[in-house]
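Participant: The structure's right below; bear with me while I get my questions together.
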Amino acid sequence: MVEQQFKQTEIGLIPDDWELLLFSDLFTFLSTASYSRSELDENSYTGYIHYGDIHTRIGYHLDTNEFVSGRITDDKLKTYPYLKQGDLVIADASEDYTGVGKGFEVINNPEVPVISGLHTFLAREKGKKFALGFKGYFHSNPLIKKQYDALATGLKVYSLSKSVFNKIHIPIPPLPEQQAIAEALTHTDEWVESLENLIAKKRLIKQGAMQQLLIPKSDWDSRRLGEMADIYTGSKNNQDKIENGNYPFFVRSQKVERIDSYSFDGEAILVPGEGNLGSIFHYVNEKFDFHQRVYKISNFNGVCGRFLFWYFQMYFGSHAMKNTVKATVDSIRLPTLQEFVIHYPLYEQQISIATILSDIDSEIAALEQKLNKVQQIKQGMMQELLTGRIRLIEAHNKEQQAKPRKSTAKP
């Protein structure tokens, strides 16, 4: 890292050895495919870029992270250019400003022909101003995103036209610095990806463990939940929450709010009475308060609270949807909870099962926390490296080190 002087430009301060060029000076737009969703076929062998969060790696479905194909005839395919190494694929629209203009650079040619389409722009570099890999990151430069925000149009969906893109100013570091930035951010992306893969693997392990451990055995007993615990709703509303309050406040969402009052102190399971039924459960063993449409299950009789919490995650969703009350949103009434049948082993076995599943869950939570920190690190790196506030100029450093130094020894 070296100290650097800055110069004032149309878009703000950039290092004095960086260039500032228009998008139109750097890229040519090529044609992209437009086709109906009925033309898509996972069993075909023709690749395409799917609409969505397009920073996902080339050749992968944006939702499932699996390679996908489009059922497009060869004749139609040949009317569009194949993606090449170094091409930039850009989202032309997004539901918010953070996604519009987002793009990724093709680093490796896919094994099958791939074209760009469905709300994307394909930009091919005119000259050799960019190091391979850098084009996938420059859109995250705050000085560029600021231009996107100012020029994007639309209400529910924000978009940028080709003519608008051509007016965007791009700050361009020297090639050695671009390469250093791309390598640093790529390593961080790989770190993020490895953590995401590990979390996904742990979740599969957790799901398999739940299915194995929570399937009722022949020697298990069963009772209705109403016979095993007290169940009632809270008395608070959403407006009662207080930022940085002293106690947890459970509302009808996965997010736990805060509040300065508490109505219960002890072990309990919290289940929303409406909304995302069967997908939101909280286990708590402390002072807390809860919403008037959230059920508190407590004072357990003959069942371990943590075991019951995992049993709920496994089985309550289907029970709730079978007995839901159809209104503006799906909701459940008290009898639906009271009549929920719990199958359970001996108390010691319940504790063992709950401990195994809770340990896996703790591992996942720790990995998610680590992933969040790495993502914050990456965000900070982009803020600093892409604006030139921190410089990675390995070539400059080597050149300085190679220069002969004047002798300071006295004759």
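In the structure tokens, the first chain shown is A, the next is B, and so on; residue numbers restart at 1 for each chain, and ligands run from 1 in the order shown.
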Using only C-alpha atoms, which protein or nucleic acid residues come within 12 Å of A:Gln254? Drop anything in the same chain fewer than 3 positions from it, and give the result as a VMD selection string.
Facilitator: chain A and resid 249 to 251 257 270 to 272 275 to 283 294
Participant: Write out the residues from the selection above, keeping N, CA and C atoms, as a PDB file, in the first residue's frame.
Facilitator:
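And here is the file that came out, out33.pdb:
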ATOM      1  N   PHE A 249     -38.508  -9.247  22.542  1.00  0.00           N
ATOM      2  CA  PHE A 249     -39.933  -9.052  22.269  1.00  0.00           C
ATOM      3  C   PHE A 249     -40.265  -9.849  21.020  1.00  0.00           C
ATOM      4  N   PHE A 250     -41.085 -10.905  21.180  1.00  0.00           N
ATOM      5  CA  PHE A 250     -41.386 -11.815  20.088  1.00  0.00           C
ATOM      6  C   PHE A 250     -42.661 -11.367  19.376  1.00  0.00           C
ATOM      7  N   VAL A 251     -42.500 -11.095  18.084  1.00  0.00           N
ATOM      8  CA  VAL A 251     -43.622 -10.654  17.259  1.00  0.00           C
ATOM      9  C   VAL A 251     -43.863 -11.706  16.181  1.00  0.00           C
ATOM     10  N   GLU A 257     -37.609  -8.550  18.238  1.00  0.00           N
ATOM     11  CA  GLU A 257     -37.505  -7.135  18.585  1.00  0.00           C
ATOM     12  C   GLU A 257     -37.074  -7.001  20.047  1.00  0.00           C
ATOM     13  N   LEU A 270     -42.212 -19.962  21.359  1.00  0.00           N
ATOM     14  CA  LEU A 270     -43.082 -18.930  20.814  1.00  0.00           C
ATOM     15  C   LEU A 270     -43.423 -19.276  19.372  1.00  0.00           C
ATOM     16  N   VAL A 271     -44.726 -19.241  19.065  1.00  0.00           N
ATOM     17  CA  VAL A 271     -45.218 -19.589  17.733  1.00  0.00           C
ATOM     18  C   VAL A 271     -46.182 -18.504  17.262  1.00  0.00           C
ATOM     19  N   PRO A 272     -45.920 -17.843  16.123  1.00  0.00           N
ATOM     20  CA  PRO A 272     -46.869 -16.851  15.604  1.00  0.00           C
ATOM     21  C   PRO A 272     -48.202 -17.495  15.254  1.00  0.00           C
ATOM     22  N   GLY A 275     -49.649 -15.608   9.608  1.00  0.00           N
ATOM     23  CA  GLY A 275     -48.519 -15.281   8.741  1.00  0.00           C
ATOM     24  C   GLY A 275     -47.811 -16.527   8.243  1.00  0.00           C
ATOM     25  N   ASN A 276     -46.517 -16.588   8.430  1.00  0.00           N
ATOM     26  CA  ASN A 276     -45.710 -17.717   7.944  1.00  0.00           C
ATOM     27  C   ASN A 276     -45.847 -18.920   8.874  1.00  0.00           C
ATOM     28  N   LEU A 277     -46.998 -19.556   8.793  1.00  0.00           N
ATOM     29  CA  LEU A 277     -47.279 -20.674   9.703  1.00  0.00           C
ATOM     30  C   LEU A 277     -46.328 -21.843   9.440  1.00  0.00           C
ATOM     31  N   GLY A 278     -45.842 -22.413  10.529  1.00  0.00           N
ATOM     32  CA  GLY A 278     -44.999 -23.586  10.420  1.00  0.00           C
ATOM     33  C   GLY A 278     -43.559 -23.317  10.057  1.00  0.00           C
ATOM     34  N   SER A 279     -43.158 -22.046   9.942  1.00  0.00           N
ATOM     35  CA  SER A 279     -41.779 -21.737   9.572  1.00  0.00           C
ATOM     36  C   SER A 279     -41.070 -20.856  10.599  1.00  0.00           C
ATOM     37  N   ILE A 280     -41.799 -20.359  11.605  1.00  0.00           N
ATOM     38  CA  ILE A 280     -41.196 -19.481  12.605  1.00  0.00           C
ATOM     39  C   ILE A 280     -41.454 -20.060  14.000  1.00  0.00           C
ATOM     40  N   PHE A 281     -40.354 -20.412  14.670  1.00  0.00           N
ATOM     41  CA  PHE A 281     -40.426 -20.902  16.048  1.00  0.00           C
ATOM     42  C   PHE A 281     -39.266 -20.303  16.823  1.00  0.00           C
ATOM     43  N   HIS A 282     -39.515 -19.941  18.062  1.00  0.00           N
ATOM     44  CA  HIS A 282     -38.460 -19.409  18.920  1.00  0.00           C
ATOM     45  C   HIS A 282     -38.438 -20.202  20.219  1.00  0.00           C
ATOM     46  N   TYR A 283     -37.224 -20.529  20.657  1.00  0.00           N
ATOM     47  CA  TYR A 283     -37.051 -21.137  21.978  1.00  0.00           C
ATOM     48  C   TYR A 283     -36.339 -20.124  22.861  1.00  0.00           C
ATOM     49  N   VAL A 294     -49.101 -13.924  19.097  1.00  0.00           N
ATOM     50  CA  VAL A 294     -48.048 -14.924  19.235  1.00  0.00           C
ATOM     51  C   VAL A 294     -48.397 -15.824  20.416  1.00  0.00           C
TER      52      VAL A 294
END
Participant: Going by DSSP on the backbone, which bits of stretch 245-398 of chain A are helix (DSSP H, G or I)? Write them as a PyMOL selection string, please.
Facilitator: chain A and resi 305-322+334-338+347-385+394-398
Participant: For the residues selected in the previous step, produce a file with C-alpha atoms as a short mmCIF file (atom, residue, chain, number, x, y, z; two decimals), in the first residue's frame.
Facilitator:
data_model
loop_
_atom_site.label_atom_id
_atom_site.label_comp_id
_atom_site.auth_asym_id
_atom_site.auth_seq_id
_atom_site.Cartn_x
_atom_site.Cartn_y
_atom_site.Cartn_z
CA GLY A 305 -38.90 -27.90 26.13
CA ARG A 306 -35.95 -28.03 23.72
CA PHE A 307 -37.12 -31.42 22.38
CA LEU A 308 -40.58 -29.96 21.83
CA PHE A 309 -39.04 -27.01 20.00
CA TRP A 310 -37.38 -29.35 17.47
CA TYR A 311 -40.51 -31.50 17.20
CA PHE A 312 -42.45 -28.38 16.28
CA GLN A 313 -40.00 -27.54 13.51
CA MET A 314 -40.38 -31.02 12.07
CA TYR A 315 -44.13 -31.55 12.24
CA PHE A 316 -46.17 -28.51 13.18
CA GLY A 317 -46.16 -26.85 9.75
CA SER A 318 -48.27 -29.53 8.06
CA HIS A 319 -50.60 -29.71 11.08
CA ALA A 320 -51.08 -25.94 11.07
CA MET A 321 -51.85 -25.73 7.33
CA LYS A 322 -54.42 -28.51 7.61
CA LEU A 334 -55.83 -22.06 20.19
CA PRO A 335 -57.51 -25.47 19.63
CA THR A 336 -55.15 -26.14 16.70
CA LEU A 337 -52.24 -25.97 19.13
CA GLN A 338 -54.00 -27.81 21.93
CA TYR A 347 -37.15 -37.81 29.08
CA GLU A 348 -33.43 -38.66 28.99
CA GLN A 349 -33.69 -39.52 25.30
CA GLN A 350 -35.50 -36.25 24.66
CA ILE A 351 -32.59 -34.36 26.20
CA SER A 352 -30.08 -36.29 24.08
CA ILE A 353 -32.00 -35.62 20.86
CA ALA A 354 -32.41 -31.93 21.68
CA THR A 355 -28.71 -31.61 22.54
CA ILE A 356 -27.56 -33.16 19.25
CA LEU A 357 -29.82 -30.91 17.16
CA SER A 358 -29.02 -27.81 19.20
CA ASP A 359 -25.27 -28.44 18.81
CA ILE A 360 -25.66 -28.64 15.02
CA ASP A 361 -27.74 -25.48 15.08
CA SER A 362 -25.07 -23.70 17.11
CA GLU A 363 -22.45 -24.69 14.54
CA ILE A 364 -24.60 -23.26 11.77
CA ALA A 365 -25.19 -20.05 13.73
CA ALA A 366 -21.45 -19.64 14.30
CA LEU A 367 -20.75 -20.18 10.59
CA GLU A 368 -23.46 -17.69 9.63
CA GLN A 369 -21.94 -15.14 11.97
CA LYS A 370 -18.53 -15.75 10.40
CA LEU A 371 -20.05 -15.43 6.92
CA ASN A 372 -21.61 -12.12 7.87
CA LYS A 373 -18.23 -10.83 9.07
CA VAL A 374 -16.53 -11.94 5.85
CA GLN A 375 -19.21 -10.22 3.77
CA GLN A 376 -18.66 -7.06 5.79
CA ILE A 377 -14.92 -7.39 5.18
CA LYS A 378 -15.55 -7.71 1.45
CA GLN A 379 -17.84 -4.68 1.48
CA GLY A 380 -15.19 -2.66 3.29
CA MET A 381 -12.51 -3.84 0.86
CA MET A 382 -14.58 -2.74 -2.12
CA GLN A 383 -15.24 0.66 -0.54
CA GLU A 384 -11.52 1.24 -0.03
CA LEU A 385 -9.91 -0.49 -3.03
CA GLU A 394 2.59 -4.45 -6.28
CA ALA A 395 4.38 -3.39 -9.47
CA HIS A 396 5.04 0.07 -8.05
CA ASN A 397 6.44 -1.36 -4.83
CA LYS A 398 8.73 -3.79 -6.67
#
Participant: Ranking A:Asn197, A:Ser94, A:Asn166, A:Thr9 by minimum distance to A:Ser24 and counting only C-alpha atoms, which one comes first?
Facilitator: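 Residue with the minimum atom-to-atom distance to A:Ser24: A:Asn166.
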Participant: Nearest residue to A:Ala131 out of A:Ser161, A:Thr324, A:Gln178, A:Ser31, using only C-alpha atoms?
Facilitator: A:Gln178
Participant: Let me make sure I understand: among A:Gly136, A:Ile393, A:Lys128, A:Asp219, which one has the smallest atom-to-atom distance to A:Val89 if we use only C-alpha atoms?
Facilitator: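 Nearest to A:Val89: A:Gly136.
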